[in-house]
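What follows is the content of start29.csv (CSV, C-alpha atoms and all ligand atoms).
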chain,number,residue,atom,x,y,z
A,1,MET,CA,13.7,4.3,-45.3
A,2,SER,CA,12.2,7.7,-45.9
A,3,ALA,CA,12.1,10.3,-43.2
A,4,ASP,CA,8.3,10.5,-43.2
A,5,PHE,CA,8.0,6.8,-42.1
A,6,LEU,CA,5.5,6.1,-44.8
A,7,ASP,CA,7.1,2.9,-45.8
A,8,ARG,CA,7.1,1.8,-42.2
A,9,ALA,CA,3.4,2.2,-41.8
A,10,VAL,CA,1.3,-1.0,-42.3
A,11,GLU,CA,0.1,-1.4,-45.9
A,12,GLY,CA,-3.4,-0.2,-45.5
A,13,VAL,CA,-2.5,2.9,-43.7
A,14,GLN,CA,0.0,3.8,-46.5
A,15,ASP,CA,-3.0,4.2,-48.8
A,16,LEU,CA,-5.2,6.3,-46.6
A,17,THR,CA,-6.0,10.0,-46.8
A,18,PRO,CA,-7.5,11.5,-43.6
A,19,TYR,CA,-11.2,12.1,-43.3
A,20,VAL,CA,-12.1,15.6,-44.5
A,21,PRO,CA,-14.4,17.2,-41.9
A,22,GLY,CA,-16.7,20.2,-42.4
A,23,LYS,CA,-14.8,23.4,-41.9
A,24,PRO,CA,-15.1,24.6,-38.3
A,25,VAL,CA,-16.6,28.1,-37.8
A,26,GLU,CA,-13.6,29.2,-35.8
A,27,GLU,CA,-11.2,28.3,-38.6
A,28,LEU,CA,-13.1,30.5,-41.1
A,29,GLU,CA,-13.3,33.3,-38.5
A,30,ARG,CA,-9.5,33.2,-38.2
A,31,GLU,CA,-9.0,33.1,-42.0
A,32,LEU,CA,-11.4,35.8,-43.0
A,33,GLY,CA,-11.5,37.9,-39.8
A,34,ILE,CA,-15.3,38.0,-40.0
A,35,ARG,CA,-18.0,37.1,-37.5
A,36,ASN,CA,-21.6,35.9,-37.9
A,37,ILE,CA,-20.6,32.8,-39.8
A,38,ILE,CA,-23.1,30.0,-40.3
A,39,LYS,CA,-22.1,26.4,-40.6
A,40,LEU,CA,-24.4,24.0,-42.5
A,41,ALA,CA,-21.6,21.5,-43.2
A,42,SER,CA,-21.8,18.6,-40.8
A,43,ASN,CA,-25.4,17.6,-40.4
A,44,GLU,CA,-25.7,18.7,-36.8
A,45,ASN,CA,-29.0,19.6,-35.2
A,46,PRO,CA,-29.3,23.4,-35.5
A,47,LEU,CA,-31.1,23.4,-32.1
A,48,GLY,CA,-28.3,21.6,-30.4
A,49,PRO,CA,-29.2,19.1,-27.6
A,50,SER,CA,-32.2,19.0,-25.3
A,51,PRO,CA,-31.8,21.4,-22.3
A,52,ALA,CA,-32.1,18.3,-20.1
A,53,ALA,CA,-29.1,16.7,-21.9
A,54,ARG,CA,-27.0,19.8,-21.5
A,55,LYS,CA,-27.9,20.0,-17.8
A,56,ALA,CA,-27.0,16.3,-17.3
A,57,ALA,CA,-23.6,16.9,-19.0
A,58,GLU,CA,-22.9,19.8,-16.8
A,59,ALA,CA,-23.8,17.9,-13.7
A,60,ALA,CA,-21.4,15.1,-14.7
A,61,MET,CA,-18.6,17.7,-14.7
A,62,ALA,CA,-18.7,17.7,-10.9
A,63,ASP,CA,-16.8,14.5,-10.9
A,64,LEU,CA,-14.0,14.9,-13.5
A,65,GLY,CA,-11.5,13.1,-11.4
A,66,ARG,CA,-13.1,9.7,-11.7
A,67,TYR,CA,-13.1,7.4,-14.7
A,68,PRO,CA,-16.5,7.0,-16.3
A,69,ASP,CA,-18.5,3.8,-16.1
A,70,GLY,CA,-16.5,1.7,-18.6
A,71,ASN,CA,-19.6,-0.4,-19.2
A,72,GLY,CA,-22.0,2.5,-19.7
A,73,PHE,CA,-24.5,0.4,-17.8
A,74,ARG,CA,-27.2,3.0,-17.3
A,75,LEU,CA,-27.2,4.1,-20.9
A,76,LYS,CA,-27.1,0.6,-22.2
A,77,GLN,CA,-30.0,-0.4,-19.9
A,78,ARG,CA,-32.0,2.5,-21.2
A,79,LEU,CA,-31.2,1.5,-24.8
A,80,ALA,CA,-32.1,-2.1,-24.1
A,81,ASP,CA,-35.5,-1.0,-22.9
A,82,LEU,CA,-36.0,1.3,-25.8
A,83,HIS,CA,-35.1,-1.3,-28.4
A,84,LYS,CA,-36.5,-4.3,-26.4
A,85,LEU,CA,-33.2,-6.1,-26.7
A,86,ASP,CA,-31.1,-7.8,-24.2
A,87,ILE,CA,-28.4,-5.5,-22.8
A,88,ALA,CA,-25.7,-7.9,-24.0
A,89,ARG,CA,-26.6,-7.0,-27.6
A,90,ILE,CA,-25.7,-3.3,-27.2
A,91,VAL,CA,-22.2,-1.8,-27.8
A,92,LEU,CA,-21.5,1.8,-27.0
A,93,GLY,CA,-19.1,3.8,-29.2
A,94,ASN,CA,-17.4,7.2,-29.0
A,95,GLY,CA,-19.7,8.2,-31.8
A,96,SER,CA,-21.0,5.5,-34.1
A,97,ASN,CA,-17.8,6.0,-36.0
A,98,ASP,CA,-16.1,4.2,-33.1
A,99,VAL,CA,-18.5,1.3,-33.6
A,100,LEU,CA,-17.7,1.1,-37.3
A,101,ASP,CA,-14.0,1.0,-36.4
A,102,MET,CA,-14.6,-1.8,-33.9
A,103,VAL,CA,-16.4,-3.8,-36.6
A,104,ALA,CA,-13.5,-3.3,-39.0
A,105,ARG,CA,-11.0,-4.4,-36.5
A,106,CYS,CA,-13.0,-7.5,-35.6
A,107,PHE,CA,-13.9,-8.7,-39.1
A,108,LEU,CA,-11.5,-7.2,-41.6
A,109,GLY,CA,-7.7,-7.6,-42.2
A,110,PRO,CA,-5.3,-8.6,-45.0
A,111,GLY,CA,-6.9,-11.1,-47.3
A,112,ARG,CA,-10.4,-10.0,-46.5
A,113,ASN,CA,-12.5,-7.4,-48.3
A,114,ALA,CA,-15.1,-4.8,-47.3
A,115,VAL,CA,-18.1,-4.1,-49.6
A,116,PHE,CA,-19.9,-0.7,-49.7
A,117,SER,CA,-21.4,1.5,-52.3
A,118,GLU,CA,-19.7,4.2,-54.4
A,119,TYR,CA,-20.6,7.6,-52.8
A,120,ALA,CA,-21.2,6.0,-49.4
A,121,PHE,CA,-20.0,7.5,-46.1
A,122,ALA,CA,-16.3,8.1,-46.2
A,123,VAL,CA,-15.6,6.3,-42.9
A,124,TYR,CA,-16.3,2.9,-44.4
A,125,PRO,CA,-13.2,2.8,-46.7
A,126,ILE,CA,-11.0,4.5,-44.1
A,127,CYS,CA,-11.7,2.1,-41.2
A,128,SER,CA,-11.6,-0.9,-43.6
A,129,ARG,CA,-8.4,-0.1,-45.4
A,130,ALA,CA,-6.6,0.7,-42.1
A,131,THR,CA,-6.9,-3.0,-41.3
A,132,GLY,CA,-5.2,-4.0,-44.6
A,133,ALA,CA,-8.5,-5.3,-46.1
A,134,GLU,CA,-9.3,-4.8,-49.8
A,135,LEU,CA,-11.9,-2.1,-50.6
A,136,ARG,CA,-14.8,-3.0,-52.9
A,137,ALA,CA,-16.9,-0.1,-53.9
A,138,ALA,CA,-20.0,-1.3,-55.8
A,139,PRO,CA,-21.1,1.1,-58.6
A,140,ALA,CA,-24.0,3.3,-57.3
A,141,LEU,CA,-27.3,3.9,-59.2
A,142,SER,CA,-26.8,6.3,-62.0
A,143,ARG,CA,-26.9,10.1,-61.8
A,144,ASP,CA,-30.2,10.2,-63.6
A,145,HIS,CA,-31.9,7.2,-61.8
A,146,GLU,CA,-35.6,8.1,-61.5
A,147,SER,CA,-36.0,7.8,-57.7
A,148,GLN,CA,-32.6,7.4,-56.0
A,149,PRO,CA,-29.8,9.0,-58.1
A,150,LEU,CA,-26.4,8.0,-56.8
A,151,GLY,CA,-28.1,5.7,-54.3
A,152,HIS,CA,-26.9,2.3,-53.2
A,153,ASP,CA,-27.4,-0.4,-55.8
A,154,LEU,CA,-28.0,-3.4,-53.6
A,155,ASP,CA,-27.7,-5.9,-56.5
A,156,ALA,CA,-24.3,-4.4,-57.4
A,157,MET,CA,-23.3,-4.7,-53.8
A,158,LEU,CA,-24.3,-8.4,-53.6
A,159,ALA,CA,-22.3,-9.0,-56.7
A,160,GLN,CA,-19.2,-7.8,-54.9
A,161,ILE,CA,-19.5,-10.3,-52.0
A,162,ASP,CA,-17.3,-13.4,-52.1
A,163,ALA,CA,-15.8,-15.9,-49.7
A,164,ASN,CA,-13.3,-13.3,-48.4
A,165,THR,CA,-15.9,-10.6,-47.7
A,166,GLY,CA,-15.7,-9.7,-44.0
A,167,VAL,CA,-18.1,-6.7,-43.8
A,168,VAL,CA,-20.7,-5.1,-45.9
A,169,PHE,CA,-21.6,-1.5,-45.1
A,170,VAL,CA,-25.1,-0.1,-45.9
A,171,ALA,CA,-25.9,3.5,-45.1
A,172,ASN,CA,-29.7,4.2,-44.8
A,173,PRO,CA,-30.2,7.0,-45.5
A,174,ASN,CA,-26.7,7.5,-47.0
A,175,ASN,CA,-24.5,10.5,-46.4
A,176,PRO,CA,-23.5,12.4,-48.6
A,177,THR,CA,-26.3,11.6,-51.0
A,178,GLY,CA,-29.4,11.5,-48.7
A,179,THR,CA,-30.7,8.6,-50.7
A,180,TRP,CA,-32.4,5.7,-48.9
A,181,LEU,CA,-33.6,2.1,-49.4
A,182,GLN,CA,-37.0,0.6,-49.5
A,183,PRO,CA,-37.5,-1.6,-46.3
A,184,ASP,CA,-38.4,-4.6,-48.5
A,185,ALA,CA,-35.2,-4.2,-50.5
A,186,VAL,CA,-33.2,-4.2,-47.3
A,187,SER,CA,-34.9,-7.3,-46.1
A,188,ALA,CA,-34.3,-9.1,-49.4
A,189,PHE,CA,-30.7,-8.0,-49.4
A,190,LEU,CA,-30.1,-9.3,-45.9
A,191,ALA,CA,-31.7,-12.6,-46.9
A,192,ALA,CA,-29.4,-12.9,-49.9
A,193,VAL,CA,-26.1,-12.1,-48.1
A,194,PRO,CA,-24.3,-15.2,-46.8
A,195,ASP,CA,-25.1,-15.5,-43.1
A,196,ASP,CA,-21.4,-15.5,-42.1
A,197,VAL,CA,-20.8,-12.1,-43.7
A,198,VAL,CA,-21.3,-9.2,-41.2
A,199,VAL,CA,-23.7,-6.5,-42.5
A,200,VAL,CA,-23.6,-3.0,-40.9
A,201,LEU,CA,-26.9,-1.1,-41.4
A,202,ASP,CA,-25.9,2.5,-40.5
A,203,GLU,CA,-29.0,4.4,-39.4
A,204,ALA,CA,-27.4,7.7,-38.3
A,205,TYR,CA,-30.4,9.6,-39.7
A,206,PHE,CA,-33.1,7.1,-38.7
A,207,GLU,CA,-35.2,9.7,-36.8
A,208,TYR,CA,-35.5,11.9,-39.8
A,209,MET,CA,-36.9,9.3,-42.1
A,210,ALA,CA,-40.6,9.3,-42.8
A,211,PRO,CA,-42.1,6.4,-40.8
A,212,GLU,CA,-43.1,4.4,-44.0
A,213,TRP,CA,-39.4,4.2,-45.0
A,214,ARG,CA,-38.0,3.1,-41.8
A,215,CYS,CA,-36.7,-0.5,-41.6
A,216,ASP,CA,-37.9,-2.6,-38.6
A,217,SER,CA,-34.4,-3.0,-37.4
A,218,ARG,CA,-35.6,-4.9,-34.3
A,219,GLU,CA,-37.2,-7.5,-36.5
A,220,LEU,CA,-34.2,-7.7,-38.8
A,221,LEU,CA,-31.9,-8.2,-35.8
A,222,ASP,CA,-34.1,-11.2,-34.7
A,223,ILE,CA,-33.8,-12.8,-38.1
A,224,HIS,CA,-30.1,-12.0,-39.0
A,225,ALA,CA,-27.4,-12.9,-36.4
A,226,ASN,CA,-24.9,-11.3,-38.8
A,227,LEU,CA,-26.6,-7.8,-38.7
A,228,ILE,CA,-25.2,-4.8,-36.8
A,229,VAL,CA,-27.4,-1.7,-36.7
A,230,THR,CA,-25.7,1.5,-35.8
A,231,ARG,CA,-27.3,4.7,-34.4
A,232,THR,CA,-25.9,7.9,-33.1
A,233,PHE,CA,-26.6,10.8,-30.7
A,234,SER,CA,-24.7,13.2,-33.0
A,235,LYS,CA,-27.5,14.0,-35.4
A,236,VAL,CA,-31.1,14.5,-34.2
A,237,HIS,CA,-30.1,14.4,-30.5
A,238,GLY,CA,-27.7,17.3,-31.1
A,239,LEU,CA,-24.8,15.8,-29.1
A,240,ALA,CA,-22.1,15.7,-31.8
A,241,ALA,CA,-19.5,17.3,-29.6
A,242,LEU,CA,-19.8,14.6,-26.9
A,243,ARG,CA,-19.4,11.6,-29.2
A,244,VAL,CA,-21.9,8.9,-28.4
A,245,GLY,CA,-23.2,6.3,-30.7
A,246,TYR,CA,-24.1,2.6,-30.4
A,247,GLY,CA,-24.4,-0.7,-32.2
A,248,LEU,CA,-27.2,-3.3,-31.9
A,249,ALA,CA,-26.2,-6.8,-32.8
A,250,SER,CA,-26.4,-10.5,-31.8
A,251,ALA,CA,-24.8,-11.1,-28.3
A,252,GLY,CA,-21.9,-13.0,-30.0
A,253,ILE,CA,-21.0,-10.1,-32.2
A,254,ALA,CA,-21.5,-7.6,-29.4
A,255,ASP,CA,-19.1,-9.6,-27.3
A,256,LEU,CA,-16.5,-9.5,-30.1
A,257,LEU,CA,-16.9,-5.7,-30.5
A,258,ASN,CA,-16.5,-5.2,-26.8
A,259,ARG,CA,-13.1,-7.1,-26.9
A,260,VAL,CA,-11.6,-4.4,-29.1
A,261,ARG,CA,-13.5,-1.5,-27.6
A,262,GLN,CA,-11.3,0.9,-25.7
A,263,PRO,CA,-11.9,0.9,-22.0
A,264,PHE,CA,-13.8,4.1,-21.1
A,265,ASN,CA,-14.5,5.0,-24.7
A,266,ASN,CA,-17.5,7.2,-23.6
A,267,ASN,CA,-16.8,10.0,-21.2
A,268,SER,CA,-19.1,10.7,-18.2
A,269,ALA,CA,-20.6,13.8,-19.6
A,270,ALA,CA,-21.5,12.0,-22.8
A,271,LEU,CA,-23.1,9.0,-21.0
A,272,ALA,CA,-25.2,11.3,-18.8
A,273,ALA,CA,-26.2,13.6,-21.7
A,274,ALA,CA,-27.2,10.7,-23.9
A,275,LEU,CA,-29.3,9.1,-21.2
A,276,ALA,CA,-31.1,12.4,-20.5
A,277,SER,CA,-31.6,13.0,-24.1
A,278,LEU,CA,-33.6,9.8,-24.5
A,279,ASP,CA,-36.0,11.1,-21.8
A,280,ASP,CA,-36.8,14.2,-23.9
A,281,MET,CA,-38.4,12.9,-27.0
A,282,THR,CA,-40.2,16.2,-27.4
A,283,HIS,CA,-36.9,17.7,-28.3
A,284,VAL,CA,-36.4,15.0,-30.9
A,285,GLU,CA,-39.9,15.6,-32.3
A,286,HIS,CA,-39.5,19.3,-32.4
A,287,SER,CA,-36.1,18.9,-34.2
A,288,VAL,CA,-37.6,16.5,-36.8
A,289,ALA,CA,-40.5,19.0,-37.4
A,290,LEU,CA,-38.1,21.9,-37.8
A,291,ASN,CA,-36.1,19.8,-40.2
A,292,SER,CA,-39.1,18.9,-42.4
A,293,THR,CA,-40.2,22.5,-42.8
A,294,GLY,CA,-36.6,23.6,-43.3
A,295,LEU,CA,-36.1,20.9,-45.9
A,296,ALA,CA,-39.2,21.9,-47.8
A,297,GLY,CA,-38.2,25.6,-47.8
A,298,LEU,CA,-34.7,24.8,-48.9
A,299,ARG,CA,-35.8,22.5,-51.7
A,300,ALA,CA,-38.3,25.1,-53.0
A,301,GLY,CA,-35.7,27.8,-52.8
A,302,LEU,CA,-33.1,25.8,-54.7
A,303,GLN,CA,-35.6,24.7,-57.3
A,304,ALA,CA,-36.5,28.4,-57.8
A,305,LEU,CA,-32.8,29.0,-58.5
A,306,GLY,CA,-33.1,26.3,-61.2
A,307,LEU,CA,-30.9,23.8,-59.3
A,308,VAL,CA,-31.3,20.1,-59.1
A,309,VAL,CA,-31.4,18.5,-55.7
A,310,LEU,CA,-31.1,14.8,-54.8
A,311,PRO,CA,-34.0,13.3,-52.9
A,312,THR,CA,-33.4,13.0,-49.2
A,313,GLN,CA,-34.7,11.4,-46.0
A,314,ALA,CA,-32.1,13.0,-43.8
A,315,ASN,CA,-31.3,16.5,-42.5
A,316,PHE,CA,-29.3,17.7,-45.5
A,317,LEU,CA,-29.8,18.3,-49.2
A,318,THR,CA,-27.3,17.5,-51.9
A,319,ILE,CA,-27.3,19.9,-54.8
A,320,ASP,CA,-26.2,18.9,-58.3
A,321,PHE,CA,-24.8,22.0,-60.0
A,322,GLY,CA,-24.0,20.1,-63.2
A,323,ARG,CA,-20.6,21.7,-63.2
A,324,GLU,CA,-17.6,21.9,-60.9
A,325,ALA,CA,-18.9,23.4,-57.6
A,326,GLY,CA,-15.7,24.0,-55.7
A,327,SER,CA,-15.6,27.7,-56.6
A,328,LEU,CA,-19.2,28.1,-55.4
A,329,PHE,CA,-18.2,26.6,-52.1
A,330,GLN,CA,-15.3,29.1,-51.9
A,331,ALA,CA,-17.5,32.0,-52.8
A,332,LEU,CA,-20.0,31.0,-50.1
A,333,LEU,CA,-17.2,30.9,-47.5
A,334,GLN,CA,-16.4,34.5,-48.4
A,335,LYS,CA,-20.0,35.3,-47.4
A,336,GLY,CA,-19.6,33.5,-44.1
A,337,VAL,CA,-21.6,30.4,-45.2
A,338,ILE,CA,-20.0,27.0,-44.7
A,339,VAL,CA,-21.4,24.1,-46.7
A,340,ARG,CA,-19.8,20.8,-47.6
A,341,PRO,CA,-17.9,20.4,-50.9
A,342,LEU,CA,-18.0,16.8,-52.1
A,343,ALA,CA,-14.9,16.5,-54.3
A,344,SER,CA,-13.4,14.1,-51.7
A,345,TYR,CA,-16.4,11.8,-52.5
A,346,ASP,CA,-15.7,12.0,-56.2
A,347,MET,CA,-18.7,14.3,-56.5
A,348,PRO,CA,-17.0,17.6,-57.6
A,349,ASP,CA,-20.2,18.9,-59.1
A,350,TYR,CA,-22.2,18.7,-55.8
A,351,LEU,CA,-22.4,20.6,-52.6
A,352,ARG,CA,-24.2,19.3,-49.5
A,353,VAL,CA,-26.1,21.7,-47.2
A,354,THR,CA,-27.3,20.8,-43.7
A,355,VAL,CA,-30.8,22.0,-42.9
A,356,GLY,CA,-30.4,24.8,-40.3
A,357,THR,CA,-32.7,27.1,-38.5
A,358,ASP,CA,-35.2,29.0,-40.7
A,359,GLU,CA,-32.9,32.1,-40.5
A,360,GLU,CA,-29.8,30.1,-41.5
A,361,ASN,CA,-31.7,28.5,-44.4
A,362,ARG,CA,-32.8,31.9,-45.6
A,363,ARG,CA,-29.3,33.3,-45.3
A,364,PHE,CA,-27.9,30.3,-47.2
A,365,LEU,CA,-30.4,30.7,-50.0
A,366,GLN,CA,-29.8,34.4,-50.3
A,367,SER,CA,-26.0,33.9,-50.3
A,368,LEU,CA,-26.2,31.2,-52.9
A,369,ALA,CA,-28.4,33.3,-55.1
A,370,ASP,CA,-25.9,36.1,-54.9
A,371,VAL,CA,-22.9,33.8,-55.5
A,372,LEU,CA,-24.6,32.3,-58.6
A,373,GLN,CA,-25.4,35.8,-59.9
A,374,GLU,CA,-21.9,37.0,-59.4
A,375,ALA,CA,-20.5,33.9,-61.1
A,376,ALA,CA,-22.8,34.5,-64.1
A,377,ALA,CA,-21.8,38.2,-64.4
B,401,LIG,C1,-22.8,11.4,-39.1
B,401,LIG,C2,-22.8,10.0,-39.5
B,401,LIG,C3,-22.4,9.0,-38.6
B,401,LIG,C4,-22.3,9.3,-37.2
B,401,LIG,O1,-21.1,9.8,-36.8
B,401,LIG,P1,-20.8,9.8,-35.2
B,401,LIG,O2,-19.5,9.2,-35.1
B,401,LIG,O3,-21.9,9.0,-34.5
B,401,LIG,O4,-20.8,11.2,-34.9
B,401,LIG,C5,-22.5,7.7,-39.1
B,401,LIG,N1,-22.8,7.4,-40.3
B,401,LIG,C6,-23.2,8.3,-41.2
B,401,LIG,C7,-23.6,7.9,-42.5
B,401,LIG,C8,-23.1,9.7,-40.8
B,401,LIG,O5,-23.5,10.6,-41.7
Please go through the file and, once you have read it, give me the structure as C-alpha cells.
Amino acid sequence: MSADFLDRAVEGVQDLTPYVPGKPVEELERELGIRNIIKLASNENPLGPSPAARKAAEAAMADLGRYPDGNGFRLKQRLADLHKLDIARIVLGNGSNDVLDMVARCFLGPGRNAVFSEYAFAVYPICSRATGAELRAAPALSRDHESQPLGHDLDAMLAQIDANTGVVFVANPNNPTGTWLQPDAVSAFLAAVPDDVVVVLDEAYFEYMAPEWRCDSRELLDIHANLIVTRTFSKVHGLAALRVGYGLASAGIADLLNRVRQPFNNNSAALAAALASLDDMTHVEHSVALNSTGLAGLRAGLQALGLVVLPTQANFLTIDFGREAGSLFQALLQKGVIVRPLASYDMPDYLRVTVGTDEENRRFLQSLADVLQEAAA
C-alpha cells in the first residue's frame, strides 16, 4: 500500500481530480500584493443579494446556538407556492451542487453510467464518478455550429443511454459555454428518454434566459416522473456564499433524495436569506436588467477587439481566442482581473468572463485590450 492511500480509496475516487473553482480575490491579493482586484470568474451577481436577504441572514445570526430547521419548512412552503407544486416534491440543497450529489448517490454506482455532454458543468462527472459509475460524455455540437457552438447535442446524448444509465444531466443554459436548448427540443428529448432513467435539468441560470427560451419546467414535471429540475440562489439571487439550491421532482424521487440528504444541510442564515430573497423580485429584475446591458456592452467590446464569443443566455460570456488562452488569463491576473480559464474543461483556447457592474466590465475590456496589445508587441 502506498503512503498516500490512493489505492485504498474506492475506485471512482481514485480517478477524480478536484473541482477547480474561480480564483478568490484574497488569494490574488496575497500573491501579488495588490488591491483593487475584480473577480469575474464565478458567475456571481455583481450586485450581491437583495438588502432584505442580507438583513434576514443577519437576523438569523441571533440564534447561532440552535440547529436550523432540518426540513427547511418555511422555504420549501414558499417554493411550493412559487412553483405550484406539492411541498413533498421539493428538496433543498447546500447549493444545487448538493442536490446533484444526492441524485448521483441515489441513482448511480458501480455498473451504472451517467450521461452528460462534453463541455458540460464539471460537477456532473465529479459527483457521478465518485459513486463508481461509468462516465459517458456525449460529443458536443461542433465549434463552428451555426447557432450553438459547443452546445449539447441531445441526439448524441440519447445515443449514449442504455439499460445501465442511471442519470442524464442536461445543463440549460450550460456552464461554461453559455449555450442553451430550444424548449421543444427539451420536450422531445424527455419524451425519448426511457421513463426509468432519471434526467436532471439544471437551470442554474434560468432567470437570465429570455422568456421565449425558458422551458415550462412545471409542465415538464407533470409529464415526466423521472425529471429533476434544479435551481439555485447562488446566481441571480446573489447568495453564493450561503449555499442554497433546490430540486423539484416527483414525490417519489424527492423522498429518495431526502434519504441521503445530510441532516441540517442548509444553515439558518441561508434558509432565512433565501426566503427573504424570494420576496424581493425587484432585485432579481434589476439584476437581470443590469446583466443584459452588461452583456451587450461586453459582447460589442469583445467583437471590436476582433474576438469570437459564444452565444449565451446566462450571466457570462465565453471567448474563443483561437489559440491557447492560459497566458492571457495570467496576464489579466497581473492587472488584477480574474476571469476563468477553461483548460480543465478541455477548452484551452477559451476564457469565460462573468458579467460584472458597468465599471467592472469596462475595466475588464480595457485590461484585455492592453494584454492583447502587449502580447502582439
Ligand atoms: C453555478 C452552477 C450551479 C449552482 O451551483 P450552486 O451549488 O447552487 O452554487 C449549478 N449548475 C451550473 C451549471 C452552474 O453553473
Item to check | Neighbourhood of ligand LIG 401 (chain B) at 8 Å, counting only C-alpha atoms and all ligand atoms, reported as a PyMOL selection string | outcome: chain A and resi 42-43+93-98+120-121+123+171-176+202-205+230-235+240+243-246
Next on the checklist: Using all atoms listed in the file, which protein or nucleic acid residues come within 9 Å of Cys127 (chain A)? Drop anything in the same chain fewer than 5 positions from it, and give the result as a list in words.
Outcome noted: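 The residues that qualify are Asn97, Leu100, Asp101, Met102, Val103, Ala104 and Arg105 of chain A.
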Checklist entry - Hey, what's within 12 Å of region 251-260 of chain A if we count all atoms listed in the file and toss same-chain stuff fewer than 4 positions away? As a PyMOL selection string, please? => result chain A and resi 70-72+85-93+98-107+196-200+221-222+224-230+246-247+264-265
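Computed from the coordinates, the CA of Val371 (chain A) to CA of Leu332 (chain A) distance equals 6.7 Å.
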Next on the checklist: For region 82-84 of chain A, find every residue with an atom within 9 Å (counting all atoms listed in the file), except residues of its own chain fewer than 4 positions away, and show them as an MDAnalysis selection string.
Outcome noted: chainID A and resid 77:78 218 248 278
Item to check | Nearest candidate to Pro21 (chain A) (options A:Ala274, A:Ala41, A:Cys215, A:Leu158; using only C-alpha atoms) | outcome: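 That would be A:Ala41, the residue with the smallest distance to Pro21 (chain A).
The nearest approach to Pro125 (chain A) among the residues A:Leu16, A:Ala191, A:Leu79, A:Leu365, with all atoms listed in the file taken into account, belongs to A:Leu16.
CA of Leu135 (chain A) sits 11.3 Å away from CA of Ile161 (chain A).
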Next on the checklist: Would you pick out the contacts of Asp358 (chain A) at 10 Å or less, using only C-alpha atoms, so that residues sharing its chain but fewer than 5 positions from it are not included, and give the list as a list in words?
Outcome noted: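 These residues fall inside the cut-off: Pro46, Leu290, Asn291, Thr293, Gly294, Leu295, Gly297, Leu298, Arg363 and Phe364 of chain A.
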Item to check | Length of the CA of Leu64 (chain A) to CA of Ala276 (chain A) vector [Å] | outcome: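 Computing the Euclidean distance for CA of Leu64 (chain A) and CA of Ala276 (chain A) yields 18.6 Å.
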Checklist outcome for this item: Using all atoms listed in the file, the residue out of A:Ala375, A:Val10, A:Ala159, A:Ile319 with shortest distance to Pro348 (chain A) is A:Ile319
Checklist entry - From the list A:Glu374, A:Asp195, A:Asp216, A:Asp279, which residue is nearest Gly166 (chain A) when using only C-alpha atoms? => result A:Asp195
Next on the checklist: When you look at Val25 (chain A) with a cut-off of 12 Å (counting all atoms listed in the file), what residues show up, excluding the ones that are within fewer than 4 positions of it in the same chain? I need them as a PyMOL selection string.
Outcome noted: chain A and resi 21+29-42+333+336-339
Item to check | Shortest interatomic distance to Gly238 (chain A) - which of A:Ala325, A:Leu47, A:Leu201, A:Ile126, counting only C-alpha atoms | outcome: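 Using only C-alpha atoms, Gly238 (chain A) sits closest to A:Leu47.
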Checklist entry - Using only C-alpha atoms, which of A:Ala304, A:Leu181, A:Leu150, A:Leu372 sits nearest Thr318 (chain A)? => result A:Leu150
Checklist entry - Taking (-14.9, -7.0, -47.9) in the file's coordinates as the center, which residues reach within 8 Å of it, counting all atoms listed in the file, put as number ranges by chain? => result A: 108, 112-115, 133-136, 161, 164-168
